file final_33.txt (compact mmCIF, C-alpha atoms and all ligand atoms)
# COMPACT_ATOMS: atom_id res chain seq x y z
CA MET A 29 7.20 -46.06 -6.15
CA LYS A 30 4.60 -43.88 -7.75
CA ILE A 31 3.64 -45.40 -11.09
CA ALA A 32 1.27 -43.92 -13.67
CA VAL A 33 -0.55 -46.71 -15.51
CA LEU A 34 -1.73 -45.73 -19.00
CA ALA A 35 -3.14 -48.80 -20.73
CA GLY A 36 -4.49 -46.94 -23.76
CA ASP A 37 -6.19 -48.53 -26.74
CA GLY A 38 -6.82 -51.97 -28.19
CA ILE A 39 -4.75 -54.76 -26.69
CA GLY A 40 -3.10 -52.19 -24.39
CA GLN A 41 -5.87 -52.84 -21.87
CA GLU A 42 -5.52 -56.64 -21.91
CA ILE A 43 -1.75 -56.83 -21.71
CA MET A 44 -1.60 -54.23 -18.94
CA VAL A 45 -3.80 -56.39 -16.69
CA GLU A 46 -1.26 -59.22 -16.94
CA ALA A 47 1.75 -56.95 -16.46
CA LEU A 48 0.24 -55.53 -13.27
CA ARG A 49 -0.51 -59.03 -11.97
CA VAL A 50 3.14 -59.90 -12.46
CA LEU A 51 4.23 -56.68 -10.72
CA GLU A 52 1.92 -57.38 -7.78
CA THR A 53 3.31 -60.91 -7.40
CA LEU A 54 6.60 -59.31 -6.31
CA ARG A 55 4.86 -57.78 -3.25
CA LEU A 56 6.94 -54.63 -3.35
CA PRO A 57 6.36 -52.25 -0.48
CA ASP A 58 5.35 -48.65 -1.30
CA LEU A 59 3.87 -49.54 -4.66
CA GLN A 60 1.38 -46.89 -5.68
CA LEU A 61 -0.48 -47.34 -8.97
CA ASN A 62 -2.49 -44.48 -10.47
CA PHE A 63 -4.54 -45.01 -13.61
CA ALA A 64 -5.28 -42.52 -16.36
CA ASP A 65 -6.61 -42.40 -19.91
CA VAL A 66 -4.43 -42.02 -22.98
CA GLY A 67 -4.86 -42.34 -26.76
CA GLY A 68 -8.20 -42.98 -28.42
CA VAL A 69 -9.93 -43.82 -25.13
CA ALA A 70 -8.78 -40.45 -23.77
CA TYR A 71 -9.98 -38.65 -26.89
CA LYS A 72 -13.36 -40.28 -26.48
CA ALA A 73 -13.68 -39.40 -22.79
CA HIS A 74 -11.92 -36.02 -22.67
CA GLY A 75 -11.64 -34.78 -26.26
CA HIS A 76 -7.82 -35.08 -26.32
CA PRO A 77 -5.47 -38.09 -26.66
CA LEU A 78 -3.20 -36.73 -23.92
CA PRO A 79 -5.43 -34.84 -21.46
CA GLN A 80 -3.86 -32.38 -19.04
CA GLU A 81 -4.83 -34.51 -16.03
CA THR A 82 -2.99 -37.50 -17.52
CA LEU A 83 0.05 -35.34 -18.15
CA ASP A 84 -0.09 -33.95 -14.59
CA LEU A 85 -0.20 -37.46 -13.18
CA VAL A 86 2.75 -38.51 -15.35
CA MET A 87 4.87 -35.53 -14.35
CA SER A 88 4.33 -36.29 -10.65
CA SER A 89 5.15 -40.01 -11.03
CA ASP A 90 8.44 -41.91 -10.83
CA ALA A 91 7.62 -44.09 -13.80
CA VAL A 92 4.99 -44.62 -16.47
CA LEU A 93 3.72 -47.97 -17.67
CA PHE A 94 2.27 -47.45 -21.11
CA GLY A 95 0.27 -50.04 -23.06
CA ALA A 96 -0.43 -48.95 -26.63
CA VAL A 97 -2.32 -46.28 -28.53
CA GLY A 98 -3.97 -46.28 -31.93
CA ASP A 99 -7.54 -46.73 -33.09
CA PRO A 100 -8.50 -46.84 -36.77
CA SER A 101 -11.82 -45.15 -36.01
CA TYR A 102 -9.83 -41.95 -35.40
CA ASP A 103 -7.80 -42.12 -38.62
CA ASP A 104 -9.58 -39.11 -40.08
CA LEU A 105 -8.99 -36.81 -37.13
CA ASP A 106 -6.62 -33.87 -37.37
CA ARG A 107 -3.05 -35.03 -36.79
CA HIS A 108 -2.77 -33.36 -33.37
CA LEU A 109 -5.82 -35.28 -32.09
CA ARG A 110 -4.81 -38.71 -33.33
CA PRO A 111 -4.11 -41.31 -30.61
CA GLU A 112 -0.42 -41.62 -31.70
CA GLN A 113 0.10 -37.99 -30.69
CA ALA A 114 -0.31 -39.07 -27.06
CA VAL A 115 2.85 -41.14 -27.05
CA LEU A 116 4.80 -38.53 -29.01
CA GLY A 117 3.56 -35.84 -26.60
CA LEU A 118 4.52 -37.90 -23.57
CA ARG A 119 8.02 -38.55 -24.89
CA LYS A 120 8.49 -34.85 -25.57
CA GLU A 121 7.04 -33.62 -22.26
CA MET A 122 9.02 -36.15 -20.24
CA GLN A 123 12.13 -35.39 -22.34
CA THR A 124 12.86 -39.08 -22.65
CA PHE A 125 15.42 -38.74 -25.42
CA ALA A 126 16.96 -42.18 -24.97
CA ASN A 127 14.92 -45.17 -26.06
CA LEU A 128 16.36 -48.58 -25.16
CA ARG A 129 15.05 -51.48 -27.21
CA PRO A 130 16.81 -54.73 -26.37
CA ALA A 131 16.41 -57.75 -28.64
CA ARG A 132 17.72 -61.09 -27.47
CA ALA A 133 17.17 -64.64 -28.68
CA PHE A 134 15.04 -66.77 -26.37
CA ALA A 135 15.88 -70.44 -25.93
CA GLY A 136 13.23 -72.55 -27.59
CA LEU A 137 12.18 -69.86 -30.08
CA GLU A 138 15.03 -70.30 -32.58
CA ASN A 139 12.69 -71.97 -35.03
CA LEU A 140 10.10 -69.24 -34.79
CA SER A 141 12.38 -66.46 -35.97
CA ALA A 142 12.00 -65.26 -39.53
CA LEU A 143 15.71 -66.09 -39.80
CA LYS A 144 17.49 -69.45 -39.87
CA PRO A 145 17.75 -70.84 -36.31
CA GLU A 146 21.57 -70.70 -36.13
CA ILE A 147 21.51 -67.05 -37.21
CA ALA A 148 18.63 -66.07 -34.91
CA GLY A 149 20.17 -67.81 -31.90
CA ALA A 150 23.05 -65.33 -31.86
CA ILE A 151 20.91 -62.20 -31.39
CA ASP A 152 21.78 -60.14 -28.34
CA LEU A 153 21.62 -56.49 -29.24
CA LEU A 154 20.38 -53.21 -27.86
CA ILE A 155 18.99 -50.52 -30.09
CA LEU A 156 19.50 -47.06 -28.64
CA ARG A 157 17.06 -44.88 -30.50
CA GLU A 158 16.99 -41.11 -30.16
CA LEU A 159 13.39 -40.33 -29.30
CA THR A 160 12.63 -36.63 -29.09
CA GLY A 161 14.03 -35.20 -32.30
CA ASP A 162 14.54 -35.99 -35.99
CA ILE A 163 11.86 -35.99 -38.66
CA TYR A 164 9.26 -36.83 -35.99
CA PHE A 165 9.46 -33.41 -34.39
CA GLY A 166 10.68 -31.14 -37.17
CA ASP A 167 8.58 -28.58 -38.98
CA LYS A 168 5.86 -30.40 -40.91
CA GLY A 169 2.76 -29.65 -42.83
CA ARG A 170 1.06 -29.26 -46.16
CA ARG A 171 1.68 -26.66 -48.80
CA GLU A 172 1.13 -26.08 -52.44
CA THR A 173 3.85 -26.33 -55.05
CA ALA A 174 4.38 -23.65 -57.68
CA ASP A 175 2.39 -25.88 -60.02
CA GLY A 176 -0.55 -25.98 -57.63
CA LEU A 177 0.12 -29.54 -56.48
CA ARG A 178 -0.50 -30.61 -52.90
CA GLN A 179 2.79 -31.23 -51.11
CA GLY A 180 3.49 -32.74 -47.70
CA TYR A 181 6.77 -31.98 -45.93
CA ASP A 182 8.63 -33.04 -42.77
CA GLU A 183 11.90 -31.46 -41.77
CA MET A 184 14.65 -33.72 -40.48
CA ALA A 185 16.99 -31.92 -38.09
CA TYR A 186 19.35 -32.65 -35.21
CA ASP A 187 21.48 -30.20 -33.31
CA GLU A 188 24.79 -31.28 -31.79
CA SER A 189 23.52 -31.33 -28.20
CA GLU A 190 20.76 -33.76 -29.12
CA ILE A 191 23.26 -36.03 -30.82
CA ALA A 192 25.79 -35.75 -28.00
CA ARG A 193 23.44 -36.79 -25.20
CA ILE A 194 22.16 -39.89 -26.98
CA ALA A 195 25.71 -40.76 -28.04
CA HIS A 196 26.91 -40.61 -24.43
CA ALA A 197 24.03 -42.87 -23.41
CA ALA A 198 24.99 -45.34 -26.14
CA PHE A 199 28.70 -45.42 -25.29
CA LYS A 200 27.83 -45.99 -21.62
CA ALA A 201 25.42 -48.78 -22.55
CA ALA A 202 28.16 -50.39 -24.64
CA GLN A 203 30.57 -50.20 -21.69
CA GLY A 204 28.04 -52.18 -19.64
CA ARG A 205 27.72 -54.82 -22.39
CA ARG A 206 30.25 -56.22 -24.89
CA GLY A 207 31.93 -52.89 -25.59
CA LYS A 208 30.84 -52.58 -29.21
CA LEU A 209 28.91 -49.66 -30.66
CA CYS A 210 27.55 -49.37 -34.18
CA SER A 211 26.26 -45.93 -35.08
CA VAL A 212 23.68 -46.08 -37.84
CA ASP A 213 23.12 -43.15 -40.19
CA LYS A 214 22.77 -42.13 -43.82
CA ALA A 215 25.81 -39.87 -44.01
CA ASN A 216 26.22 -40.51 -47.74
CA VAL A 217 23.04 -38.53 -48.36
CA LEU A 218 21.77 -36.61 -45.32
CA GLN A 219 23.31 -33.52 -43.71
CA THR A 220 21.81 -34.51 -40.34
CA SER A 221 23.77 -37.74 -40.62
CA VAL A 222 27.04 -35.99 -41.53
CA LEU A 223 26.75 -33.99 -38.31
CA TRP A 224 25.65 -37.11 -36.40
CA ARG A 225 28.80 -38.94 -37.47
CA GLU A 226 31.03 -35.97 -36.66
CA VAL A 227 29.64 -35.61 -33.12
CA VAL A 228 29.69 -39.36 -32.42
CA ASN A 229 33.37 -39.46 -33.49
CA GLU A 230 34.21 -36.55 -31.17
CA ILE A 231 32.53 -38.23 -28.22
CA ALA A 232 34.26 -41.53 -28.96
CA ASP A 233 37.48 -40.01 -27.57
CA ASP A 234 35.92 -40.15 -24.09
CA TYR A 235 35.31 -43.89 -24.41
CA PRO A 236 38.55 -45.53 -25.58
CA ASP A 237 37.33 -48.88 -24.25
CA VAL A 238 34.40 -48.95 -26.70
CA GLU A 239 34.92 -50.14 -30.26
CA LEU A 240 33.00 -47.81 -32.58
CA GLU A 241 31.92 -48.41 -36.15
CA HIS A 242 29.61 -46.46 -38.45
CA MET A 243 27.12 -48.07 -40.79
CA TYR A 244 24.65 -46.73 -43.32
CA VAL A 245 21.10 -47.56 -42.39
CA ASP A 246 20.35 -49.56 -45.52
CA ASN A 247 23.40 -51.72 -44.93
CA ALA A 248 22.48 -52.04 -41.23
CA ALA A 249 19.04 -53.36 -42.18
CA MET A 250 20.67 -55.92 -44.43
CA GLN A 251 23.34 -56.87 -41.86
CA MET A 252 20.71 -57.35 -39.16
CA VAL A 253 19.14 -60.09 -41.24
CA ARG A 254 22.41 -61.53 -42.58
CA ASN A 255 24.29 -61.71 -39.30
CA PRO A 256 22.58 -60.03 -36.33
CA GLY A 257 25.07 -61.58 -33.92
CA GLN A 258 27.64 -58.97 -35.01
CA PHE A 259 25.73 -56.20 -33.20
CA ASP A 260 26.02 -55.22 -29.55
CA VAL A 261 24.69 -51.66 -29.19
CA MET A 262 23.18 -49.91 -32.21
CA LEU A 263 22.91 -46.13 -31.91
CA THR A 264 20.38 -44.50 -34.24
CA GLY A 265 18.17 -41.51 -34.77
CA ASN A 266 14.42 -41.55 -34.25
CA ILE A 267 13.11 -42.71 -37.61
CA PHE A 268 15.84 -45.25 -38.37
CA GLY A 269 15.47 -46.69 -34.86
CA ASP A 270 11.72 -47.02 -35.31
CA ILE A 271 12.18 -49.09 -38.43
CA LEU A 272 15.17 -51.17 -37.28
CA SER A 273 13.48 -52.12 -34.00
CA ASP A 274 10.45 -53.59 -35.75
CA GLN A 275 12.83 -55.54 -37.94
CA ALA A 276 14.79 -56.75 -34.89
CA SER A 277 11.60 -58.06 -33.33
CA MET A 278 10.89 -60.45 -36.18
CA CYS A 279 14.50 -61.62 -36.06
CA VAL A 280 13.81 -62.67 -32.45
CA GLY A 281 10.44 -64.20 -33.26
CA SER A 282 7.61 -61.79 -32.71
CA ILE A 283 6.91 -58.15 -32.11
CA GLY A 284 4.97 -59.35 -29.07
CA LEU A 285 8.24 -59.97 -27.22
CA LEU A 286 10.11 -56.66 -27.34
CA ALA A 287 9.97 -54.17 -24.49
CA SER A 288 11.35 -50.67 -24.31
CA ALA A 289 12.48 -48.05 -21.82
CA SER A 290 12.50 -44.35 -22.60
CA LEU A 291 14.75 -42.32 -20.35
CA GLY A 292 15.80 -38.74 -19.90
CA GLU A 293 18.38 -37.20 -17.57
CA GLY A 294 16.87 -38.47 -14.32
CA SER A 295 15.48 -41.84 -13.31
CA ARG A 296 11.90 -41.22 -14.40
CA GLY A 297 11.07 -43.38 -17.37
CA LEU A 298 8.36 -44.40 -19.79
CA TYR A 299 8.03 -48.15 -20.30
CA GLU A 300 6.13 -49.64 -23.21
CA PRO A 301 6.10 -52.57 -25.60
CA ILE A 302 7.42 -51.68 -29.05
CA HIS A 303 4.23 -53.01 -30.65
CA GLY A 304 1.03 -51.09 -31.18
CA SER A 305 -2.61 -51.48 -30.17
CA ALA A 306 -3.30 -54.32 -32.69
CA PRO A 307 -6.97 -53.41 -33.31
CA ASP A 308 -7.40 -56.57 -35.41
CA ILE A 309 -7.06 -58.83 -32.35
CA ALA A 310 -8.15 -56.44 -29.57
CA GLY A 311 -10.74 -57.73 -27.13
CA ARG A 312 -10.25 -61.39 -28.05
CA GLY A 313 -7.93 -62.28 -25.19
CA ILE A 314 -5.18 -63.55 -27.47
CA ALA A 315 -2.66 -60.71 -27.35
CA ASN A 316 0.80 -61.67 -26.13
CA PRO A 317 1.52 -59.78 -22.87
CA MET A 318 5.24 -60.66 -22.77
CA ALA A 319 6.49 -57.32 -24.16
CA MET A 320 4.42 -55.47 -21.55
CA ILE A 321 5.64 -57.79 -18.79
CA LEU A 322 9.25 -57.28 -19.90
CA SER A 323 8.60 -53.51 -19.84
CA VAL A 324 7.82 -53.88 -16.12
CA ALA A 325 11.23 -55.52 -15.69
CA MET A 326 12.90 -52.61 -17.48
CA MET A 327 11.03 -50.19 -15.21
CA LEU A 328 12.29 -51.92 -12.08
CA ARG A 329 15.84 -51.83 -13.43
CA HIS A 330 16.01 -48.27 -14.73
CA SER A 331 13.63 -46.26 -12.54
CA PHE A 332 13.85 -48.17 -9.27
CA ALA A 333 17.36 -49.68 -9.40
CA ASP A 334 15.85 -53.08 -8.59
CA GLU A 335 18.05 -55.29 -10.76
CA ASN A 336 17.17 -58.33 -8.70
CA ASN A 337 13.45 -58.26 -9.46
CA ALA A 338 14.06 -57.17 -13.06
CA VAL A 339 16.13 -60.29 -13.63
CA ARG A 340 13.55 -62.44 -11.82
CA ILE A 341 10.87 -61.31 -14.26
CA GLU A 342 13.12 -61.77 -17.28
CA GLN A 343 14.04 -65.27 -16.16
CA ALA A 344 10.38 -66.14 -15.55
CA VAL A 345 9.49 -64.97 -19.07
CA ALA A 346 12.36 -66.95 -20.58
CA ALA A 347 11.34 -70.06 -18.62
CA VAL A 348 7.71 -69.81 -19.77
CA LEU A 349 8.78 -69.44 -23.41
CA GLU A 350 11.18 -72.36 -23.07
CA GLN A 351 8.31 -74.50 -21.69
CA GLY A 352 6.57 -73.82 -25.00
CA ILE A 353 3.76 -71.69 -23.56
CA LEU A 354 3.39 -69.51 -26.62
CA GLY A 355 0.93 -66.88 -27.75
CA HIS A 356 -0.89 -66.87 -31.05
CA ASP A 357 1.72 -64.51 -32.54
CA LEU A 358 4.25 -67.33 -32.09
CA GLY A 359 2.02 -70.02 -33.49
CA GLY A 360 0.90 -71.19 -30.03
CA LYS A 361 -2.50 -71.40 -28.40
CA ALA A 362 -1.95 -69.71 -25.04
CA SER A 363 -4.30 -66.85 -24.26
CA THR A 364 -3.27 -63.52 -22.75
CA ILE A 365 -4.42 -64.67 -19.31
CA GLU A 366 -2.76 -68.09 -19.59
CA ILE A 367 0.56 -66.46 -20.39
CA GLY A 368 0.13 -64.10 -17.45
CA ASP A 369 -0.70 -67.08 -15.20
CA ALA A 370 2.40 -68.93 -16.36
CA VAL A 371 4.70 -65.98 -15.63
CA VAL A 372 3.10 -65.47 -12.20
CA ALA A 373 3.54 -69.20 -11.47
CA ALA A 374 7.18 -69.11 -12.58
CA LEU A 375 7.77 -66.25 -10.14
CA SER A 376 6.19 -67.85 -7.12
C1 LIG B 1 6.97 -47.02 -31.75
C2 LIG B 1 5.73 -46.65 -32.52
C3 LIG B 1 5.51 -45.15 -32.46
C4 LIG B 1 6.71 -44.48 -33.11
C5 LIG B 1 4.19 -44.66 -33.09
C6 LIG B 1 3.00 -45.31 -32.44
C7 LIG B 1 4.06 -43.17 -33.03
O1 LIG B 1 5.83 -47.13 -33.83
O2 LIG B 1 7.02 -46.74 -30.54
O3 LIG B 1 7.88 -47.59 -32.35
O4 LIG B 1 6.74 -44.31 -34.34
O5 LIG B 1 7.65 -44.14 -32.38
MG MG B 2 7.54 -48.33 -34.21
call {"tool": "encode", "arguments": {"input": "final_33.txt", "output": "structure tokens"}}
result
Amino acid sequence: MKIAVLAGDGIGQEIMVEALRVLETLRLPDLQLNFADVGGVAYKAHGHPLPQETLDLVMSSDAVLFGAVGDPSYDDLDRHLRPEQAVLGLRKEMQTFANLRPARAFAGLENLSALKPEIAGAIDLLILRELTGDIYFGDKGRRETADGLRQGYDEMAYDESEIARIAHAAFKAAQGRRGKLCSVDKANVLQTSVLWREVVNEIADDYPDVELEHMYVDNAAMQMVRNPGQFDVMLTGNIFGDILSDQASMCVGSIGLLASASLGEGSRGLYEPIHGSAPDIAGRGIANPMAMILSVAMMLRHSFADENNAVRIEQAVAAVLEQGILGHDLGGKASTIEIGDAVVAALS
């Protein structure tokens, strides 16, 4: 089990310490952790947010644990040197086109959701976000209009093979859950979405056991707040999935609770919280490590086929939350280390 550990910037460092403590509590044989720089810290030390040596380590590993990147002191750098480019570069290099972002209600947190408790309690959904295409990776830049105005542009594009592979992943995920798939697009306006819908419908023929519906993204955002319990698997493109997954996190209670797995064709994966580096609270020991800890569980499940230990970690996290050991993001007082301690104790 060769794991590349990239803690990155801000709270990434603090939450990674706790996630690794949890991983080590499992006493897995053959665990090999290798550390490398990424993001702003990598730019500072090596002049690039994703240095070649970090990339080499990643490409020779079975899995990557990724904390967070982003540092406001680098906001004025050229786009290709900004810390965020590290995570985009990693996703592209690793070809992790399928991003799994589960959102599930935790017992005891119903009152902390931004939604009414009875609505929040029903959340058990999985966002399947396409991760290596769309407006994120299209042609982009600056140009001048005919009138001499500055113009920024970003091309949104998907080809049918990109849509097909993420659609297959979503239908399979739905088969392993409640058999419902909602494909989210903006086919009333965007050509990329018209093709998206066409391809998803073609692929649906291979999965007669999955109930498919299509929804416009604006409606999906509204429905997620009105009645999130209606969703099982939500299939979306890169930009819509980015936005909907942040929204899903507040429906559960906090962005500090949502983990993600990014997968390609093989078993190698990139595992990271959906939140960022939170520079406003970095270094104060109050970041919630739960999303990072749950990312370890997803790594065990998807890269190492260790469902048993994945479930153990998830149950330990749920038990700690139910005991009311809550981070500052959830209105509690528990520090990063105290939450890590509690999860370790629940596992032993
Ligand atoms: C996420 C983040 C990233 C994204 C940023 C940091 C580039 O918001 O993982 O959701 O937009 O994908
Ligand atoms: Mg995001």
call {"tool": "closest_residue", "arguments": {"input": "final_33.txt", "among": "A:Glu300, A:Asp99, A:Asp162, A:Asp237", "to": "ligand MG 2 (chain B)", "atoms": "all atoms listed in the file"}}
result
A:Glu300
call {"tool": "closest_residue", "arguments": {"input": "final_33.txt", "among": "A:Ala198, A:Ala276, A:Leu153, A:Met29", "to": "Leu263 in chain A", "atoms": "only C-alpha atoms"}}
result
A:Ala198
call {"tool": "atom_distance", "arguments": {"input": "final_33.txt", "atom1": "atom C3 of ligand LIG 1 (chain B)", "atom2": "CA of Leu51 in chain A"}}
result
24.6 Å
call {"tool": "atom_distance", "arguments": {"input": "final_33.txt", "atom1": "atom C3 of ligand LIG 1 (chain B)", "atom2": "CA of Arg157 in chain A"}}
result
11.7 Å
call {"tool": "residues_around", "arguments": {"input": "final_33.txt", "residues": "Ile302 in chain A", "least_positions_apart": "4", "cutoff": "10 Å", "atoms": "all atoms listed in the file", "output": "JSON, numbers by chain"}}
result
{"A": [95, 96, 129, 270, 273, 274, 277, 283, 284, 285, 286, 287, 288, 289, 319, 320, 323]}
call {"tool": "axis_aligned_box", "arguments": {"input": "final_33.txt", "around": "ligand LIG 1 (chain B)", "padding_each_side": "8 Å", "output": "lines of an AutoDock Vina configuration file"}}
result
center_x = 5.4
center_y = -45.4
center_z = -32.4
size_x = 20.9
size_y = 20.4
size_z = 19.8
call {"tool": "residues_near_ligand", "arguments": {"input": "final_33.txt", "ligand": "ligand MG 2 (chain B)", "cutoff": "10 Å", "atoms": "only C-alpha atoms and all ligand atoms", "output": "CSV table (one decimal) with C-alpha atoms, keeping the file's coordinate frame"}}
result
chain,number,residue,atom,x,y,z
A,266,ASN,CA,14.4,-41.6,-34.2
A,267,ILE,CA,13.1,-42.7,-37.6
A,268,PHE,CA,15.8,-45.2,-38.4
A,269,GLY,CA,15.5,-46.7,-34.9
A,270,ASP,CA,11.7,-47.0,-35.3
A,271,ILE,CA,12.2,-49.1,-38.4
A,272,LEU,CA,15.2,-51.2,-37.3
A,273,SER,CA,13.5,-52.1,-34.0
A,274,ASP,CA,10.4,-53.6,-35.8
A,275,GLN,CA,12.8,-55.5,-37.9
A,301,PRO,CA,6.1,-52.6,-25.6
A,302,ILE,CA,7.4,-51.7,-29.0
A,303,HIS,CA,4.2,-53.0,-30.6
A,304,GLY,CA,1.0,-51.1,-31.2
call {"tool": "closest_residue", "arguments": {"input": "final_33.txt", "among": "A:His330, A:Arg119, A:Arg178, A:Lys72", "to": "ligand LIG 1 (chain B)", "atoms": "only C-alpha atoms and all ligand atoms"}}
result
A:Arg119
call {"tool": "atom_distance", "arguments": {"input": "final_33.txt", "atom1": "CA of Leu54 in chain A", "atom2": "CA of Met318 in chain A"}}
result
16.6 Å
call {"tool": "closest_residue", "arguments": {"input": "final_33.txt", "among": "A:Ala325, A:Leu128, A:Val86, A:Val115", "to": "ligand LIG 1 (chain B)", "atoms": "all atoms listed in the file"}}
result
A:Val115
call {"tool": "closest_residue", "arguments": {"input": "final_33.txt", "among": "A:Gly311, A:Pro317, A:Gly169, A:Gly265", "to": "Asp213 in chain A", "atoms": "all atoms listed in the file"}}
result
A:Gly265
call {"tool": "closest_residue", "arguments": {"input": "final_33.txt", "among": "A:Tyr71, A:Tyr299, A:Tyr235, A:Phe259", "to": "ligand LIG 1 (chain B)", "atoms": "all atoms listed in the file"}}
result
A:Tyr299
call {"tool": "residues_around", "arguments": {"input": "final_33.txt", "residues": "Met44 in chain A", "least_positions_apart": "5", "cutoff": "9 Å", "atoms": "only C-alpha atoms", "output": "MDAnalysis selection string"}}
result
chainID A and resid 33:35 39 49 93:95 317 320:321
call {"tool": "build_atoms", "arguments": {"input": "final_33.txt", "residues": "range 205-211 of chain A", "atoms": "all heavy atoms", "output": "short mmCIF file (atom, residue, chain, number, x, y, z; two decimals), in the frame of the given file"}}
result
data_model
loop_
_atom_site.label_atom_id
_atom_site.label_comp_id
_atom_site.auth_asym_id
_atom_site.auth_seq_id
_atom_site.Cartn_x
_atom_site.Cartn_y
_atom_site.Cartn_z
N ARG A 205 28.01 -53.58 -21.64
CA ARG A 205 27.72 -54.82 -22.39
C ARG A 205 29.01 -55.38 -22.98
O ARG A 205 29.98 -55.55 -22.26
CB ARG A 205 26.66 -54.53 -23.47
CG ARG A 205 25.29 -54.18 -22.87
CD ARG A 205 24.30 -53.78 -23.95
NE ARG A 205 24.30 -54.72 -25.07
CZ ARG A 205 23.35 -55.63 -25.31
NH1 ARG A 205 22.31 -55.70 -24.51
NH2 ARG A 205 23.44 -56.43 -26.35
N ARG A 206 29.05 -55.59 -24.29
CA ARG A 206 30.25 -56.22 -24.89
C ARG A 206 31.23 -55.21 -25.46
O ARG A 206 32.17 -55.57 -26.16
CB ARG A 206 29.82 -57.23 -25.96
CG ARG A 206 28.91 -58.34 -25.41
CD ARG A 206 28.77 -59.53 -26.35
NE ARG A 206 28.22 -59.21 -27.65
CZ ARG A 206 26.92 -59.04 -27.93
NH1 ARG A 206 26.03 -59.15 -26.96
NH2 ARG A 206 26.51 -58.74 -29.13
N GLY A 207 30.96 -53.91 -25.20
CA GLY A 207 31.93 -52.89 -25.59
C GLY A 207 31.96 -52.56 -27.07
O GLY A 207 32.95 -52.03 -27.58
N LYS A 208 30.88 -52.87 -27.77
CA LYS A 208 30.84 -52.58 -29.21
C LYS A 208 29.68 -51.64 -29.52
O LYS A 208 28.56 -51.86 -29.10
CB LYS A 208 30.64 -53.87 -30.01
CG LYS A 208 31.90 -54.69 -30.17
CD LYS A 208 31.63 -55.97 -30.94
CE LYS A 208 31.16 -55.69 -32.36
NZ LYS A 208 30.82 -56.95 -33.09
N LEU A 209 29.96 -50.61 -30.30
CA LEU A 209 28.91 -49.66 -30.66
C LEU A 209 28.90 -49.46 -32.17
O LEU A 209 29.93 -49.19 -32.78
CB LEU A 209 29.16 -48.32 -29.96
CG LEU A 209 28.14 -47.21 -30.27
CD1 LEU A 209 26.74 -47.62 -29.85
CD2 LEU A 209 28.53 -45.92 -29.57
N CYS A 210 27.73 -49.62 -32.76
CA CYS A 210 27.55 -49.37 -34.18
C CYS A 210 26.60 -48.19 -34.32
O CYS A 210 25.44 -48.26 -33.91
CB CYS A 210 26.98 -50.62 -34.86
SG CYS A 210 26.65 -50.34 -36.61
N SER A 211 27.10 -47.10 -34.87
CA SER A 211 26.26 -45.93 -35.08
C SER A 211 25.69 -45.98 -36.49
O SER A 211 26.42 -46.12 -37.46
CB SER A 211 27.09 -44.65 -34.87
OG SER A 211 26.30 -43.52 -35.15
#
